[in-house]
$ cat target_15.txt   # compact mmCIF, C-alpha atoms and all ligand atoms
# COMPACT_ATOMS: atom_id res chain seq x y z
CA MET A 1 -16.86 -48.50 41.57
CA GLU A 2 -17.11 -49.03 45.36
CA HIS A 3 -13.84 -50.96 45.22
CA LEU A 4 -11.99 -47.82 44.31
CA SER A 5 -10.44 -46.12 47.30
CA VAL A 6 -11.28 -42.42 47.57
CA LEU A 7 -8.21 -41.81 49.68
CA THR A 8 -5.98 -43.34 46.97
CA ILE A 9 -7.55 -41.16 44.25
CA LEU A 10 -7.26 -38.17 46.55
CA VAL A 11 -3.57 -38.84 47.19
CA LEU A 12 -3.02 -39.27 43.44
CA THR A 13 -4.80 -35.98 42.77
CA ALA A 14 -2.58 -34.21 45.29
CA LEU A 15 0.50 -35.95 43.84
CA ASN A 16 -0.46 -34.98 40.27
CA LEU A 17 -1.13 -31.44 41.36
CA SER A 18 2.16 -31.04 43.19
CA THR A 19 4.03 -32.48 40.21
CA VAL A 20 2.26 -30.06 37.87
CA SER A 21 2.79 -27.13 40.28
CA ILE A 22 6.54 -27.76 40.18
CA ALA A 23 6.75 -28.74 36.51
CA LEU A 24 4.80 -25.79 35.08
CA PRO A 25 7.06 -23.01 36.42
CA VAL A 26 10.10 -25.00 35.27
CA ILE A 27 8.70 -25.51 31.75
CA MET A 28 7.24 -22.02 31.36
CA GLY A 29 10.29 -20.21 32.75
CA LYS A 30 10.42 -16.89 34.57
CA ASP A 31 9.54 -14.58 31.73
CA ILE A 32 5.78 -15.10 31.72
CA SER A 33 2.75 -12.86 32.02
CA ARG A 34 0.90 -12.10 35.23
CA ALA A 35 -1.95 -14.26 33.96
CA ALA A 36 0.27 -17.33 33.57
CA LYS A 37 1.80 -16.70 37.03
CA LEU A 38 -1.65 -16.45 38.62
CA ALA A 39 -2.72 -19.70 36.92
CA GLN A 40 0.42 -21.42 38.26
CA LEU A 41 -0.27 -20.06 41.76
CA SER A 42 -3.84 -21.32 41.48
CA LEU A 43 -2.58 -24.87 40.93
CA LEU A 44 -0.11 -24.49 43.81
CA SER A 45 -2.85 -23.24 46.08
CA GLN A 46 -5.05 -26.17 45.07
CA THR A 47 -2.17 -28.53 45.89
CA ILE A 48 -1.86 -27.07 49.39
CA GLY A 49 -5.64 -27.39 49.79
CA TRP A 50 -5.71 -31.08 48.89
CA MET A 51 -2.61 -31.83 51.00
CA ALA A 52 -4.23 -30.15 54.00
CA ILE A 53 -7.46 -32.14 53.71
CA ILE A 54 -5.52 -35.42 53.37
CA SER A 55 -3.39 -34.56 56.41
CA SER A 56 -6.46 -33.63 58.46
CA GLY A 57 -7.60 -37.27 58.16
CA PHE A 58 -4.69 -38.35 60.36
CA PHE A 59 -5.71 -36.09 63.26
CA GLY A 60 -9.32 -37.10 64.00
CA GLY A 61 -10.34 -35.66 67.40
CA HIS A 62 -7.20 -33.50 67.61
CA TRP A 63 -7.38 -29.71 67.13
CA LEU A 64 -5.25 -30.15 64.01
CA ASP A 65 -8.22 -31.78 62.26
CA PRO A 66 -10.40 -28.62 62.15
CA ALA A 67 -7.31 -26.45 61.65
CA LEU A 68 -6.06 -28.37 58.62
CA SER A 69 -9.57 -28.74 57.17
CA THR A 70 -10.08 -24.98 57.44
CA VAL A 71 -6.69 -24.34 55.81
CA SER A 72 -7.79 -26.66 53.02
CA MET A 73 -11.03 -24.70 52.47
CA ALA A 74 -9.14 -21.40 52.49
CA PHE A 75 -6.53 -22.54 49.94
CA GLY A 76 -9.14 -24.22 47.74
CA SER A 77 -11.05 -20.92 47.64
CA LEU A 78 -7.86 -18.95 47.04
CA ALA A 79 -7.09 -21.27 44.09
CA ASN A 80 -10.46 -20.41 42.53
CA CYS A 81 -9.88 -16.67 42.98
CA LEU A 82 -6.39 -16.93 41.46
CA MET A 83 -7.73 -18.77 38.42
CA PHE A 84 -10.49 -16.19 38.06
CA PHE A 85 -7.99 -13.31 38.12
CA ALA A 86 -5.72 -15.18 35.68
CA LEU A 87 -8.72 -15.26 33.32
CA CYS A 88 -9.27 -11.51 33.88
CA GLU A 89 -5.65 -10.86 32.91
CA TRP A 90 -5.90 -13.05 29.82
CA LEU A 91 -9.36 -12.01 28.66
CA GLY A 92 -10.20 -8.65 30.28
CA PRO A 93 -12.60 -7.96 33.17
CA ARG A 94 -14.99 -10.80 34.06
CA PRO A 95 -18.26 -10.50 36.01
CA TYR A 96 -18.76 -11.21 39.74
CA PRO A 97 -15.23 -10.67 41.12
CA ARG A 98 -16.61 -9.29 44.41
CA LEU A 99 -19.04 -12.16 44.85
CA LEU A 100 -16.21 -14.64 44.28
CA VAL A 101 -13.87 -12.95 46.75
CA GLY A 102 -16.77 -12.67 49.22
CA LEU A 103 -17.45 -16.40 48.92
CA ALA A 104 -13.73 -17.13 49.35
CA ILE A 105 -13.55 -15.04 52.54
CA ALA A 106 -16.81 -16.47 53.88
CA MET A 107 -15.59 -20.02 53.27
CA PRO A 108 -13.09 -20.50 56.15
CA ILE A 109 -15.05 -18.26 58.55
CA GLY A 110 -18.36 -20.10 58.11
CA TYR A 111 -16.54 -23.42 58.03
CA VAL A 112 -15.03 -22.86 61.47
CA LEU A 113 -18.39 -21.73 62.84
CA VAL A 114 -20.29 -24.83 61.66
CA PHE A 115 -17.43 -27.29 62.07
CA GLY A 116 -19.15 -29.08 64.97
CA ASN A 117 -22.14 -30.02 62.80
CA TYR A 118 -21.09 -32.48 60.10
CA SER A 119 -24.10 -31.99 57.79
CA TRP A 120 -23.90 -28.22 57.95
CA ARG A 121 -20.15 -28.23 57.45
CA VAL A 122 -20.16 -30.50 54.39
CA GLY A 123 -23.23 -28.86 52.88
CA TYR A 124 -21.85 -25.37 53.45
CA ALA A 125 -18.32 -26.03 52.15
CA ASN A 126 -19.44 -27.85 49.02
CA LEU A 127 -22.16 -25.30 48.25
CA LEU A 128 -19.66 -22.43 48.48
CA PHE A 129 -17.08 -24.33 46.43
CA GLY A 130 -19.69 -25.17 43.81
CA MET A 131 -20.70 -21.51 43.51
CA GLN A 132 -17.07 -20.36 43.25
CA LEU A 133 -16.31 -22.94 40.58
CA LEU A 134 -19.37 -21.93 38.54
CA ILE A 135 -18.27 -18.28 38.65
CA VAL A 136 -14.83 -19.31 37.31
CA ALA A 137 -16.42 -21.56 34.64
CA ARG A 138 -18.62 -18.68 33.49
CA ALA A 139 -15.65 -16.29 33.50
CA ALA A 140 -13.79 -18.56 31.07
CA LEU A 141 -16.53 -18.14 28.46
CA PHE A 142 -18.22 -14.76 29.03
CA PRO A 143 -17.87 -12.02 27.93
CA ARG A 144 -16.91 -13.70 24.66
CA GLY A 145 -14.12 -11.39 23.39
CA ASP A 146 -11.89 -12.64 20.61
CA ALA A 147 -9.45 -14.94 22.41
CA SER A 148 -9.50 -18.55 21.24
CA LEU A 149 -12.50 -20.47 22.54
CA ARG A 150 -10.81 -23.85 22.68
CA TRP A 151 -8.85 -23.58 25.92
CA ARG A 152 -11.57 -21.43 27.46
CA THR A 153 -14.20 -24.08 26.77
CA LEU A 154 -11.91 -26.68 28.30
CA ILE A 155 -11.57 -24.64 31.51
CA ALA A 156 -15.33 -23.96 31.58
CA LEU A 157 -16.10 -27.69 31.20
CA CYS A 158 -13.60 -28.72 33.88
CA TYR A 159 -14.83 -26.18 36.40
CA THR A 160 -18.50 -26.93 35.68
CA ALA A 161 -17.92 -30.68 36.10
CA PHE A 162 -16.03 -30.06 39.32
CA ALA A 163 -18.79 -27.73 40.54
CA VAL A 164 -21.48 -30.36 39.87
CA ALA A 165 -19.37 -32.98 41.66
CA ASN A 166 -19.01 -30.68 44.68
CA LEU A 167 -22.68 -29.82 44.79
CA ALA A 168 -23.58 -33.53 44.61
CA ARG A 169 -21.17 -34.21 47.47
CA GLY A 170 -22.69 -31.31 49.41
CA VAL A 171 -26.22 -32.71 49.03
CA LEU A 172 -25.00 -36.14 50.09
CA GLY A 173 -23.24 -34.78 53.18
CA ALA A 174 -26.03 -32.40 54.18
CA PHE A 175 -29.00 -34.75 53.76
CA PHE A 176 -27.57 -38.30 53.86
CA PRO A 177 -24.65 -38.04 56.30
CA GLU A 178 -24.93 -41.75 57.11
CA LEU A 179 -23.98 -42.53 53.46
CA TYR A 180 -21.14 -40.01 53.47
CA PRO A 181 -19.75 -39.91 57.00
CA SER A 182 -16.24 -38.69 56.07
CA PHE A 183 -14.41 -37.06 53.15
CA ASP A 184 -13.02 -40.46 52.06
CA ALA A 185 -16.32 -42.40 52.39
CA PRO A 186 -16.56 -44.98 49.55
CA HIS A 187 -19.89 -43.69 48.21
CA VAL A 188 -20.27 -43.68 44.42
CA VAL A 189 -20.96 -39.91 44.35
CA ASN A 190 -17.82 -39.27 46.36
CA ILE A 191 -15.73 -41.53 44.11
CA VAL A 192 -17.08 -39.93 40.93
CA ALA A 193 -16.46 -36.48 42.43
CA GLN A 194 -12.86 -37.36 43.22
CA ILE A 195 -12.23 -38.83 39.75
CA THR A 196 -13.79 -35.70 38.23
CA ALA A 197 -11.42 -33.54 40.29
CA ASN A 198 -8.46 -35.52 38.97
CA VAL A 199 -9.53 -35.36 35.31
CA ALA A 200 -10.41 -31.67 35.65
CA LEU A 201 -6.96 -31.00 37.02
CA VAL A 202 -5.22 -32.70 34.08
CA LEU A 203 -7.36 -30.85 31.53
CA THR A 204 -7.00 -27.50 33.33
CA THR A 205 -3.23 -27.91 33.10
CA VAL A 206 -3.52 -28.57 29.38
CA ALA A 207 -5.73 -25.48 29.00
CA ILE A 208 -3.20 -23.32 30.89
CA LEU A 209 -0.42 -24.53 28.58
CA VAL A 210 -2.50 -23.77 25.48
CA ALA A 211 -3.40 -20.30 26.82
CA TRP A 212 0.29 -19.68 27.51
CA ARG A 213 1.23 -20.72 23.96
CA GLU A 214 -1.41 -18.42 22.49
CA GLU A 215 -0.14 -15.60 24.67
CA ALA A 216 3.41 -16.18 23.37
CA GLU A 217 2.12 -16.20 19.78
CA ALA A 218 0.25 -12.93 20.35
CA GLN A 219 3.43 -11.40 21.83
CA LEU A 220 5.46 -12.46 18.79
CA ARG A 221 2.81 -11.02 16.46
CA GLU A 222 2.86 -7.80 18.45
CA GLN A 223 6.67 -7.63 18.27
CA ALA A 224 6.65 -8.28 14.53
CA PHE A 225 4.29 -5.31 14.14
CA THR A 226 6.12 -2.90 16.46
CA ASP A 227 8.98 -0.52 15.71
CA ASN A 228 11.48 -0.96 18.52
CA VAL A 229 12.73 2.66 18.48
CA THR A 230 9.41 4.51 18.76
CA GLY A 231 6.99 1.80 19.93
CA LEU A 232 4.67 2.75 17.05
CA LEU A 233 3.61 0.23 14.41
CA ASN A 234 6.37 -0.61 11.95
CA ARG A 235 5.91 -0.98 8.19
CA HIS A 236 4.59 -4.52 8.58
CA GLY A 237 2.07 -3.46 11.23
CA TRP A 238 1.11 -0.45 9.15
CA ASP A 239 0.39 -2.60 6.10
CA ASP A 240 -1.84 -4.83 8.22
CA ARG A 241 -3.86 -2.21 10.16
CA ALA A 242 -3.96 0.54 7.54
CA THR A 243 -5.09 -1.85 4.80
CA ALA A 244 -7.98 -3.00 6.99
CA LEU A 245 -9.05 0.62 7.66
CA PHE A 246 -8.64 1.53 3.99
CA ASP A 247 -10.83 -1.38 2.85
CA GLN A 248 -13.45 -0.49 5.44
CA ALA A 249 -13.59 3.17 4.36
CA ARG A 250 -13.91 2.19 0.69
CA ARG A 251 -16.63 -0.35 1.42
CA HIS A 252 -18.71 2.11 3.46
CA GLY A 253 -17.85 5.18 1.40
CA THR A 254 -16.65 7.05 4.51
CA PRO A 255 -13.95 9.76 4.49
CA LEU A 256 -10.35 8.76 5.12
CA ALA A 257 -7.28 10.99 5.36
CA LEU A 258 -3.64 9.99 5.15
CA ILE A 259 -0.77 12.20 6.30
CA LEU A 260 2.81 11.16 5.50
CA LEU A 261 5.48 13.00 7.51
CA ASP A 262 9.20 13.09 6.87
CA LEU A 263 11.58 14.81 9.30
CA ASP A 264 13.61 17.59 7.70
CA HIS A 265 17.39 17.38 7.60
CA PHE A 266 17.32 14.49 10.01
CA LYS A 267 20.67 13.31 8.70
CA ARG A 268 22.24 16.44 10.24
CA ILE A 269 21.10 15.46 13.71
CA ASN A 270 22.69 12.05 13.28
CA ASP A 271 25.85 13.53 11.83
CA THR A 272 26.33 16.33 14.34
CA GLN A 273 24.85 14.88 17.54
CA GLY A 274 25.19 11.17 17.01
CA HIS A 275 22.91 8.27 16.19
CA GLU A 276 21.65 7.95 19.76
CA MET A 277 20.35 11.53 19.70
CA GLY A 278 18.80 10.74 16.30
CA ASP A 279 16.96 7.84 17.92
CA GLN A 280 15.78 10.09 20.75
CA VAL A 281 14.34 12.56 18.23
CA LEU A 282 12.55 9.68 16.49
CA ARG A 283 11.17 8.52 19.84
CA MET A 284 10.02 12.03 20.70
CA THR A 285 8.28 12.35 17.31
CA GLY A 286 6.64 8.96 17.82
CA GLY A 287 5.45 10.12 21.25
CA VAL A 288 3.93 13.28 19.78
CA LEU A 289 2.08 11.22 17.16
CA GLU A 290 0.89 8.73 19.76
CA GLU A 291 -0.35 11.43 22.15
CA ASN A 292 -2.19 13.37 19.48
CA ARG A 293 -3.99 10.56 17.71
CA ARG A 294 -7.47 9.24 18.40
CA SER A 295 -7.73 5.57 19.32
CA SER A 296 -9.25 4.82 15.93
CA ASP A 297 -6.33 6.47 14.06
CA VAL A 298 -3.32 4.44 12.98
CA ALA A 299 0.16 5.89 13.51
CA ALA A 300 3.30 4.18 12.25
CA ARG A 301 6.95 4.67 11.50
CA ILE A 302 7.13 3.38 7.96
CA GLY A 303 10.72 4.31 7.12
CA GLY A 304 13.92 5.74 8.65
CA GLU A 305 12.54 9.22 9.46
CA GLU A 306 9.17 8.79 7.78
CA PHE A 307 5.91 8.48 9.69
CA ALA A 308 2.34 7.83 8.57
CA LEU A 309 -0.96 8.73 10.16
CA LEU A 310 -4.23 7.34 8.86
CA LEU A 311 -7.36 9.12 10.04
CA PRO A 312 -10.71 7.41 9.50
CA GLN A 313 -13.93 9.48 9.32
CA THR A 314 -11.78 12.56 8.76
CA ASP A 315 -12.30 15.22 6.07
CA ARG A 316 -9.87 17.82 4.78
CA SER A 317 -10.40 20.50 7.45
CA ALA A 318 -10.23 17.98 10.31
CA ALA A 319 -7.03 16.49 8.85
CA LEU A 320 -5.47 19.95 8.55
CA HIS A 321 -6.44 20.63 12.13
CA VAL A 322 -4.78 17.40 13.30
CA GLU A 323 -1.62 18.25 11.37
CA GLN A 324 -1.43 21.73 12.89
CA ARG A 325 -1.79 20.24 16.34
CA LEU A 326 1.09 17.86 15.60
CA ARG A 327 3.33 20.63 14.31
CA LEU A 328 2.59 22.76 17.37
CA ALA A 329 3.23 19.86 19.75
CA LEU A 330 6.55 19.11 18.05
CA ARG A 331 7.53 22.76 18.20
CA GLU A 332 6.65 22.78 21.90
CA GLU A 333 8.97 19.79 22.45
CA GLY A 334 11.71 21.65 20.57
CA ILE A 335 11.34 24.67 22.88
CA GLN A 336 11.68 22.50 25.95
CA GLU A 337 14.57 20.43 24.53
CA PRO A 338 16.35 22.71 22.02
CA HIS A 339 18.89 20.05 21.03
CA MET A 340 16.00 17.90 19.83
CA ARG A 341 14.40 20.63 17.74
CA VAL A 342 13.10 19.20 14.50
CA ASN A 343 10.61 20.07 11.82
CA TYR A 344 8.96 18.01 9.12
CA SER A 345 7.44 18.10 5.67
CA ALA A 346 4.12 16.40 5.07
CA GLY A 347 1.82 15.22 2.32
CA LEU A 348 -1.93 14.89 2.80
CA ALA A 349 -4.14 12.69 0.64
CA LEU A 350 -7.89 12.23 1.01
CA LEU A 351 -9.53 9.01 -0.17
CA GLN A 352 -10.86 9.30 -3.71
CA PRO A 353 -12.85 6.81 -5.81
CA GLY A 354 -9.73 6.27 -7.95
CA ASP A 355 -7.75 4.92 -4.95
CA LEU A 356 -8.30 1.20 -5.39
CA LYS A 357 -5.61 0.13 -2.95
CA LEU A 358 -3.86 1.64 0.04
CA ALA A 359 -0.76 1.94 -2.15
CA ASP A 360 -2.65 4.35 -4.46
CA LEU A 361 -3.53 6.65 -1.55
CA MET A 362 0.03 6.43 -0.25
CA ALA A 363 1.52 7.24 -3.65
CA ARG A 364 -0.52 10.44 -3.82
CA ALA A 365 0.42 11.48 -0.28
CA ASP A 366 4.05 10.68 -1.08
CA ALA A 367 3.98 12.86 -4.19
CA ALA A 368 2.60 15.75 -2.12
CA LEU A 369 5.31 15.16 0.50
CA TYR A 370 7.96 15.24 -2.23
CA GLN A 371 6.55 18.57 -3.41
CA ALA A 372 6.62 19.93 0.16
CA LYS A 373 10.32 19.01 0.39
CA ALA A 374 11.00 20.60 -2.99
CA GLN A 375 9.23 23.81 -2.03
CA GLY A 376 11.48 24.38 0.97
CA ARG A 377 10.36 21.84 3.65
CA GLY A 378 8.58 22.57 6.95
CA ARG A 379 5.14 22.53 5.37
CA LEU A 380 2.18 20.39 4.45
CA LEU A 381 0.90 20.04 0.92
CA GLN A 382 -2.27 18.34 -0.18
CA ALA A 383 -2.30 15.83 -3.02
CA ASP A 384 -4.45 16.54 -6.08
N1 LIG A 401 19.22 7.65 14.46
C1 LIG A 401 18.60 7.01 13.47
N2 LIG A 401 18.75 7.44 12.21
C2 LIG A 401 18.11 6.80 11.22
C3 LIG A 401 17.30 5.70 11.49
N3 LIG A 401 16.80 5.26 10.29
C4 LIG A 401 17.29 6.09 9.33
N4 LIG A 401 18.08 7.01 9.87
C5 LIG A 401 18.82 8.10 9.23
O1 LIG A 401 17.91 9.06 8.71
C6 LIG A 401 18.65 9.84 7.74
C7 LIG A 401 17.76 10.17 6.58
O2 LIG A 401 18.48 11.02 5.73
P1 LIG A 401 17.87 11.66 4.43
O3 LIG A 401 17.07 10.62 3.72
O4 LIG A 401 18.99 12.32 3.70
O5 LIG A 401 16.83 12.72 4.96
P2 LIG A 401 17.00 14.09 5.74
O6 LIG A 401 18.37 14.29 6.24
O7 LIG A 401 15.92 14.10 6.77
O8 LIG A 401 16.72 15.12 4.65
P3 LIG A 401 15.32 15.54 4.03
O9 LIG A 401 14.36 14.44 4.23
O10 LIG A 401 15.62 15.79 2.60
O11 LIG A 401 14.91 16.75 4.77
C8 LIG A 401 19.86 9.00 7.35
O12 LIG A 401 21.02 9.60 7.88
C9 LIG A 401 19.62 7.67 8.05
O13 LIG A 401 20.83 7.04 8.46
C10 LIG A 401 17.18 5.24 12.84
O14 LIG A 401 16.48 4.28 13.17
N5 LIG A 401 17.84 5.93 13.79

$ encode --input "target_15.txt" --output "structure tokens" --more "lines below"
Ligand SMILES: Nc1nc2c(ncn2[C@@H]2O[C@H](COP(=O)(O)OP(=O)(O)OP(=O)(O)O)[C@@H](O)[C@H]2O)c(=O)[nH]1
Amino acid sequence: MEHLSVLTILVLTALNLSTVSIALPVIMGKDISRAAKLAQLSLLSQTIGWMAIISSGFFGGHWLDPALSTVSMAFGSLANCLMFFALCEWLGPRPYPRLLVGLAIAMPIGYVLVFGNYSWRVGYANLLFGMQLLIVARAALFPRGDASLRWRTLIALCYTAFAVANLARGVLGAFFPELYPSFDAPHVVNIVAQITANVALVLTTVAILVAWREEAEAQLREQAFTDNVTGLLNRHGWDDRATALFDQARRHGTPLALILLDLDHFKRINDTQGHEMGDQVLRMTGGVLEENRRSSDVAARIGGEEFALLLPQTDRSAALHVEQRLRLALREEGIQEPHMRVNYSAGLALLQPGDLKLADLMARADAALYQAKAQGRGRLLQAD
């Protein structure tokens, strides 16, 4: 082990990192999420950190030595913050952001202050790095959420291993400076720490690529479920979400209301004002549905000018109330934009023991809607 040169491993780590920092943006392209960008910047920042510490070795005794070492500490800390915020973007808020940023700010300041004392400097820098890395490792796993655990575990393992390596190096530098007189000292702890850094880097890159692929998959799923005119769920998305809510309501015996809406004489708008105006009216209707639904309700555009609203835990009077609110809101829009004035017919169905599938409930609401059209439109009828 002692025959391995720390400086060589260090240079290889920096070389690997710079290659990855250039390769990742090229492979991933421009059209990526903020999370992926932050993860890329984290690797870039780490590259600058390692480059700075290697360069500092050439300037022993010169003012560039402390300057470059401090730059290295600052960029290493920045890299940890960037990875932490990438995780927040991917997984939602993570604990201890202020502590992490505080440690990152304290790092270069304290480092400059104790630079003259080798033991203090090495102990301090590695302790702060270790703490930062543990915060990032924890952030990858907790809170759990429902994102895939595989790449998160990989990041957690890499950052924990790197944290342990740093802490070990810190103890060595603080208490046994004669065994670890410089950052490239050939001590076994130092060599293992440097190898760990290299392996962690490779695996972190793999984890970022997997996270990016999962993100792309989620985006595709989202697109497949979304109607591109209104931004509501489309038929496919409706089938997925509404079926889940329907099954849940049946299992727990809780109330469930379905309202199907169909715009009246929509064809006329298309014919007299053009298809683009027709689309605008659809968008406006979608907006009204979106603004007036609760987060647990499901709203979708399930056909050309047909919309569906599924209301869990909702009885007849509450459903009628919701529908009146919708009609009023749509009327309000029509007053403000007279050329977009539109009305609708609707059918309401409440979950009954005979509704074995979502299709049964929908068929009853559809029959009521058909009746509403037949009776002169612009009204809501309830299914038997
Ligand atoms: N602009 C636009 N029009 C659409 C879209 N999808 C369907 N349509 C139109 O919606 C119209 C539906 O016409 P009909 O089924 O006769 O319904 P209606 O004119 O609303 O009449 P009633 O439902 O009987 O009141 C057709 O002209 C379709 O071309 C769309 O995405 N955008």

$ residues_near_point --input "target_15.txt" --point "(-0.2, -21.8, 33.8)" --cutoff "9 Å" --atoms "all atoms listed in the file" --output "list in words"
Ser21, Leu24, Pro25, Met28, Ala35, Ala36, Lys37, Leu38, Ala39, Gln40, Leu41, Ser42, Leu43, Ala86, Thr204, Thr205, Val206, Ala207, Ile208, Leu209, Val210, Ala211 and Trp212 of chain A

$ closest_residue --input "target_15.txt" --among "A:Gly237, A:Pro338, A:Gly116, A:Gly376" --to "ligand LIG 401 (chain A)" --atoms "all atoms listed in the file"
A:Gly376

$ axis_aligned_box --input "target_15.txt" --around "ligand LIG 401 (chain A)" --padding-each-side "4 Å" --output "AutoDock Vina command-line options"
--center_x 17.7 --center_y 10.5 --center_z 8.5 --size_x 14.7 --size_y 20.5 --size_z 19.9

$ closest_residue --input "target_15.txt" --among "A:Leu100, A:Ile109, A:Ala14, A:Ala372" --to "A:Gly130" --atoms "only C-alpha atoms"
A:Leu100

$ atom_distance --input "target_15.txt" --atom1 "atom CA of A:Leu82" --atom2 "atom CA of A:Val136"
9.7 Å

$ closest_atom_pairs --input "target_15.txt" --of "chain A" --to "ligand LIG 401 (chain A)" --cutoff "6 Å" --atoms "only C-alpha atoms and all ligand atoms" --output "tab-separated table"
residue	atom	partner	partner_atom	distance
A:Asp262	CA	A:LIG401	O9	6.0
A:Leu263	CA	A:LIG401	O7	5.1
A:Asp264	CA	A:LIG401	O11	3.3
A:His265	CA	A:LIG401	O6	3.5
A:Phe266	CA	A:LIG401	O7	3.6
A:Lys267	CA	A:LIG401	O6	3.5
A:Arg268	CA	A:LIG401	O6	6.0
A:Asn270	CA	A:LIG401	N1	5.7
A:His275	CA	A:LIG401	N1	4.1
A:Glu276	CA	A:LIG401	N1	5.8
A:Gly278	CA	A:LIG401	N1	3.6
A:Asp279	CA	A:LIG401	N1	4.1
A:Gly304	CA	A:LIG401	N3	3.3
A:Glu305	CA	A:LIG401	O1	5.4

$ closest_atom_pairs --input "target_15.txt" --of "stretch 144-250 of chain A" --to "stretch 294-301 of chain A" --cutoff "10 Å" --atoms "only C-alpha atoms" --output "Markdown table"
| residue | atom | partner | partner_atom | distance |
| --- | --- | --- | --- | --- |
| A:Phe225 | CA | A:Ala300 | CA | 9.7 |
| A:Thr226 | CA | A:Ala300 | CA | 8.7 |
| A:Asp227 | CA | A:Arg301 | CA | 7.0 |
| A:Val229 | CA | A:Arg301 | CA | 9.3 |
| A:Thr230 | CA | A:Arg301 | CA | 7.7 |
| A:Gly231 | CA | A:Ala300 | CA | 8.8 |
| A:Leu232 | CA | A:Ala300 | CA | 5.2 |
| A:Leu233 | CA | A:Ala300 | CA | 4.5 |
| A:Asn234 | CA | A:Arg301 | CA | 5.3 |
| A:Arg235 | CA | A:Arg301 | CA | 6.6 |
| A:His236 | CA | A:Ala300 | CA | 9.5 |
| A:Gly237 | CA | A:Ala300 | CA | 7.8 |
| A:Trp238 | CA | A:Ala300 | CA | 6.0 |
| A:Asp239 | CA | A:Ala300 | CA | 9.6 |
| A:Arg241 | CA | A:Val298 | CA | 7.2 |
| A:Ala242 | CA | A:Val298 | CA | 6.7 |
| A:Leu245 | CA | A:Val298 | CA | 8.7 |

$ closest_residue --input "target_15.txt" --among "A:Asp360, A:Asp271, A:Asp384, A:Glu215" --to "A:Thr243" --atoms "all atoms listed in the file"
A:Asp360

$ atom_distance --input "target_15.txt" --atom1 "atom CA of A:Gln132" --atom2 "atom CA of A:Trp63"
27.4 Å

$ closest_residue --input "target_15.txt" --among "A:Tyr96, A:Phe75, A:Tyr344, A:Tyr124" --to "A:Lys373" --atoms "all atoms listed in the file"
A:Tyr344
